[in-house]
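Peer 1: So that you have it, the file is target21.tsv, and it contains TSV, C-alpha atoms and all ligand atoms:
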```
chain	number	residue	atom	x	y	z
N	6	MET	CA	108.77	107.48	133.33
N	7	ASP	CA	110.81	107.73	136.51
N	8	ASP	CA	114.17	107.54	134.77
N	9	CYS	CA	113.41	110.10	132.09
N	10	LEU	CA	115.09	113.49	132.59
N	11	PHE	CA	112.40	115.48	130.81
N	12	CYS	CA	109.57	113.68	132.63
N	13	ARG	CA	111.28	114.51	135.92
N	14	MET	CA	111.56	118.16	134.86
N	15	ALA	CA	107.88	118.14	133.84
N	16	SER	CA	106.79	116.77	137.23
N	17	GLY	CA	109.02	119.17	139.16
N	18	ALA	CA	111.20	116.36	140.58
N	19	ILE	CA	114.15	118.12	138.93
N	20	PRO	CA	113.88	121.90	139.28
N	21	VAL	CA	114.59	123.71	136.03
N	22	GLU	CA	114.12	127.24	134.78
N	23	LYS	CA	111.16	127.12	132.40
N	24	VAL	CA	111.29	130.03	129.97
N	25	ALA	CA	107.71	129.34	128.87
N	26	GLU	CA	104.99	126.91	129.83
N	27	ASN	CA	101.43	125.99	128.99
N	28	GLU	CA	99.12	123.17	130.04
N	29	LEU	CA	100.77	120.51	127.88
N	30	ALA	CA	104.34	121.67	127.31
N	31	PHE	CA	107.24	123.69	128.69
N	32	ALA	CA	110.37	125.28	127.27
N	33	ILE	CA	113.89	125.34	128.69
N	34	ARG	CA	117.29	126.54	127.45
N	35	ASP	CA	119.52	123.89	125.87
N	36	ILE	CA	122.53	123.33	128.13
N	37	HIS	CA	124.79	123.12	125.05
N	38	PRO	CA	123.42	125.95	122.90
N	39	ARG	CA	124.32	125.85	119.21
N	40	ALA	CA	122.93	129.33	118.54
N	41	PRO	CA	122.42	132.51	120.60
N	42	VAL	CA	118.85	131.35	121.17
N	43	HIS	CA	118.51	127.59	121.62
N	44	LEU	CA	115.45	126.33	123.43
N	45	LEU	CA	113.90	122.92	123.83
N	46	VAL	CA	110.12	122.76	123.79
N	47	ILE	CA	109.06	119.61	125.60
N	48	PRO	CA	105.65	117.98	125.92
N	49	LYS	CA	104.81	117.08	129.53
N	50	GLN	CA	103.55	113.70	128.39
N	51	HIS	CA	106.23	111.08	127.68
N	52	ILE	CA	106.63	110.18	124.02
N	53	ALA	CA	109.98	108.72	122.99
N	54	ASP	CA	110.21	110.43	119.61
N	55	ALA	CA	108.21	111.40	116.52
N	56	ARG	CA	107.98	107.77	115.41
N	57	ASP	CA	105.62	107.16	118.36
N	58	LEU	CA	103.20	109.98	117.53
N	59	ALA	CA	99.57	109.16	116.82
N	60	PRO	CA	96.62	111.24	115.56
N	61	ALA	CA	95.44	111.61	119.19
N	62	ASP	CA	98.59	113.63	119.91
N	63	GLY	CA	97.32	116.56	117.85
N	64	ASP	CA	96.42	118.73	120.84
N	65	MET	CA	99.80	118.10	122.44
N	66	LEU	CA	101.64	118.97	119.21
N	67	GLY	CA	99.53	122.10	118.86
N	68	ALA	CA	100.54	123.11	122.37
N	69	VAL	CA	104.22	122.44	121.60
N	70	PHE	CA	104.18	124.62	118.47
N	71	THR	CA	102.10	127.36	120.12
N	72	LEU	CA	104.60	127.50	122.97
N	73	ALA	CA	107.54	127.56	120.53
N	74	VAL	CA	106.07	130.55	118.70
N	75	GLU	CA	105.41	132.31	122.02
N	76	ALA	CA	108.99	131.62	123.14
N	77	GLY	CA	110.33	132.87	119.80
N	78	ARG	CA	108.52	136.12	120.45
N	79	THR	CA	109.77	136.54	124.03
N	80	GLU	CA	113.33	135.60	122.98
N	81	GLY	CA	113.30	138.35	120.36
N	82	VAL	CA	113.71	136.23	117.23
N	83	GLN	CA	110.15	136.55	115.98
N	84	HIS	CA	111.09	138.93	113.15
N	85	SER	CA	114.57	137.65	112.27
N	86	GLY	CA	113.25	134.10	112.03
N	87	TYR	CA	114.36	130.84	113.60
N	88	ARG	CA	114.39	127.10	113.09
N	89	LEU	CA	112.06	124.55	114.67
N	90	ALA	CA	113.39	121.00	114.42
N	91	PHE	CA	112.67	117.55	115.82
N	92	ASN	CA	115.56	115.12	115.86
N	93	VAL	CA	114.47	111.50	115.56
N	94	GLY	CA	116.73	108.80	116.93
N	95	GLU	CA	120.43	108.33	117.31
N	96	ALA	CA	121.61	109.21	113.80
N	97	ALA	CA	119.98	112.62	114.15
N	98	GLY	CA	121.85	113.26	117.39
N	99	MET	CA	118.89	112.72	119.68
N	100	THR	CA	120.39	112.20	123.13
N	101	ILE	CA	117.31	112.24	125.37
N	102	SER	CA	114.59	109.82	124.42
N	103	HIS	CA	111.62	112.13	125.07
N	104	LEU	CA	110.17	114.12	122.19
N	105	HIS	CA	111.46	117.70	122.08
N	106	LEU	CA	111.36	120.51	119.57
N	107	HIS	CA	114.54	122.57	119.11
N	108	LEU	CA	114.11	126.31	118.60
N	109	LEU	CA	117.29	127.81	117.16
N	110	GLY	CA	117.80	131.45	116.28
N	111	GLY	CA	119.75	134.63	116.81
N	112	ARG	CA	122.21	134.00	113.96
N	113	PRO	CA	122.00	133.02	110.27
N	114	LEU	CA	121.56	129.24	110.38
N	115	GLY	CA	122.13	128.03	106.83
N	116	PRO	CA	120.32	125.00	105.46
N	117	GLU	CA	121.63	122.51	108.06
N	118	GLY	CA	122.94	124.80	110.83
O	1	ZN	ZN	109.91	111.36	129.41
```
Hey, can you dump this file as structure tokens for me?
Ligand SMILES: [Zn+2]

Peer 2:
Amino acid sequence: MDDCLFCRMASGAIPVEKVAENELAFAIRDIHPRAPVHLLVIPKQHIADARDLAPADGDMLGAVFTLAVEAGRTEGVQHSGYRLAFNVGEAAGMTISHLHLHLLGGRPLGPEG
């Protein structure tokens, strides 16, 4: 997807600081952080959002969650805890149409924070 920001980051067309990476996913800092730690964990493969996931995406999702847990450890929120969340579509505030997992931590989050 040539016009997709996250695909362009994945391919290296747009240089970005990756705080963690594995074969199938990478993690970056959110440019508008809503918590002291706010990362986006992004699969390298283009999937618009969770509604497009299929059983064959299991390995990719495993890689996304594994990388999120690794990033939580390196960001120092492993013991305090953190939130992992997928927004799905416009009403959830999804602004980039490429699946990404938010990792939020570093402060008490509350049920919706
Ligand atoms: Zn994409």

Peer 1: Counting only C-alpha atoms and all ligand atoms, which residue out of N:Ser16, N:Leu45, N:Asn27, N:Gln50 sits closest to ligand ZN 1 (chain O)?

Peer 2: N:Gln50

Peer 1: Measuring atom to atom with all atoms listed in the file, identify which of N:His51, N:Lys23, N:Arg39, N:Arg78 is nearest to ligand ZN 1 (chain O).

Peer 2: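 Nearest candidate to ligand ZN 1 (chain O) out of N:His51, N:Lys23, N:Arg39, N:Arg78: N:His51.
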
Peer 1: List as a tab-separated table every residue of chain N that is in contact with ligand ZN 1 (chain O), defined as an atom at most 8 Å from one of its atoms (using only C-alpha atoms and all ligand atoms), together with the nearest atom pair and the distance in Å rounded to one decimal, sorted by chain and then rising number.

Peer 2:
```
residue	atom	partner	partner_atom	distance
N:Met6	CA	O:ZN1	ZN	5.6
N:Asp8	CA	O:ZN1	ZN	7.8
N:Cys9	CA	O:ZN1	ZN	4.6
N:Leu10	CA	O:ZN1	ZN	6.4
N:Phe11	CA	O:ZN1	ZN	5.0
N:Cys12	CA	O:ZN1	ZN	4.0
N:Arg13	CA	O:ZN1	ZN	7.4
N:Lys49	CA	O:ZN1	ZN	7.7
N:Gln50	CA	O:ZN1	ZN	6.9
N:His51	CA	O:ZN1	ZN	4.1
N:Ile52	CA	O:ZN1	ZN	6.4
N:Ala53	CA	O:ZN1	ZN	6.9
N:Ser102	CA	O:ZN1	ZN	7.0
N:His103	CA	O:ZN1	ZN	4.7
N:Leu104	CA	O:ZN1	ZN	7.7
```

Peer 1: Write out the residues from the selection above, keeping C-alpha atoms, as a PDB file, in the coordinates of the input.

Peer 2:
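Produced file again11.pdb, reproduced below:
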```
ATOM      1  CA  MET N   6     108.770 107.480 133.330  1.00  0.00           C
ATOM      2  CA  ASP N   8     114.170 107.540 134.770  1.00  0.00           C
ATOM      3  CA  CYS N   9     113.410 110.100 132.090  1.00  0.00           C
ATOM      4  CA  LEU N  10     115.090 113.490 132.590  1.00  0.00           C
ATOM      5  CA  PHE N  11     112.400 115.480 130.810  1.00  0.00           C
ATOM      6  CA  CYS N  12     109.570 113.680 132.630  1.00  0.00           C
ATOM      7  CA  ARG N  13     111.280 114.510 135.920  1.00  0.00           C
ATOM      8  CA  LYS N  49     104.810 117.080 129.530  1.00  0.00           C
ATOM      9  CA  GLN N  50     103.550 113.700 128.390  1.00  0.00           C
ATOM     10  CA  HIS N  51     106.230 111.080 127.680  1.00  0.00           C
ATOM     11  CA  ILE N  52     106.630 110.180 124.020  1.00  0.00           C
ATOM     12  CA  ALA N  53     109.980 108.720 122.990  1.00  0.00           C
ATOM     13  CA  SER N 102     114.590 109.820 124.420  1.00  0.00           C
ATOM     14  CA  HIS N 103     111.620 112.130 125.070  1.00  0.00           C
ATOM     15  CA  LEU N 104     110.170 114.120 122.190  1.00  0.00           C
TER      16      LEU N 104
END
```

Peer 1: Can you tell me how far atom CA of Ala76 of chain N sits from atom CA of Ala30 of chain N, in Å to one decimal?

Peer 2: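 Distance between the two atoms: 11.7 Å.
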
Peer 1: For a test of reading the model, state the distance in Å between atom CA of Pro41 of chain N and atom CA of Leu66 of chain N, rounded to one decimal.

Peer 2: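 Atom-to-atom, atom CA of Pro41 of chain N to atom CA of Leu66 of chain N, that is 24.8 Å.
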
Peer 1: Atom CA of Glu80 of chain N to atom CA of Ala96 of chain N: how many Å, to one decimal?

Peer 2: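 According to the coordinates, atom CA of Glu80 of chain N and atom CA of Ala96 of chain N are separated by 29.1 Å.
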
Peer 1: Might you pull out every residue within 8 Å of His43 of chain N, with all atoms listed in the file counted and same-chain residues fewer than 6 positions away left off, and present them as an MDAnalysis selection string?

Peer 2: chainID N and resid 34:35 107:110

Peer 1: Would you mind listing what lies within 8 Å of Ile33 of chain N as a list in words, with all atoms listed in the file counted and same-chain residues fewer than 5 positions away left out?

Peer 2: Val21, Glu22, Lys23, Val24, Ala25, Leu44, Leu45 and Val46 of chain N

Peer 1: Nearest to Val69 of chain N among N:Met14, N:Ala90, N:Leu29, N:Ile101, with distances taken over only C-alpha atoms: which residue is it?

Peer 2: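 Among the listed residues, the smallest separation from Val69 of chain N belongs to N:Leu29.
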
Peer 1: Where's the centre, and what are the edge lengths in Å to one decimal, of a box along x, y and z enclosing all listed atoms of segment 29-37 of chain N padded 3 Å per side, as lines of an AutoDock Vina configuration file?

Peer 2:
```
center_x = 112.8
center_y = 123.5
center_z = 126.9
size_x = 30.0
size_y = 12.0
size_z = 9.6
```

Peer 1: Please identify all polymer residues within 9 Å of Gly94 of chain N, counting only C-alpha atoms, omitting same-chain residues fewer than 5 positions from it, and present them as a list in words.

Peer 2: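 Contacts, with the query itself left out: Asp54, Ala55, Arg56, Met99, Thr100 and Ser102 of chain N.
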
Peer 1: Which is closer to Ala15 of chain N than all the others in N:Ile47, N:Ala40, N:Leu89, N:Leu58, using all atoms listed in the file?

Peer 2: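 Of the candidates, the smallest distance to Ala15 of chain N is held by N:Ile47.
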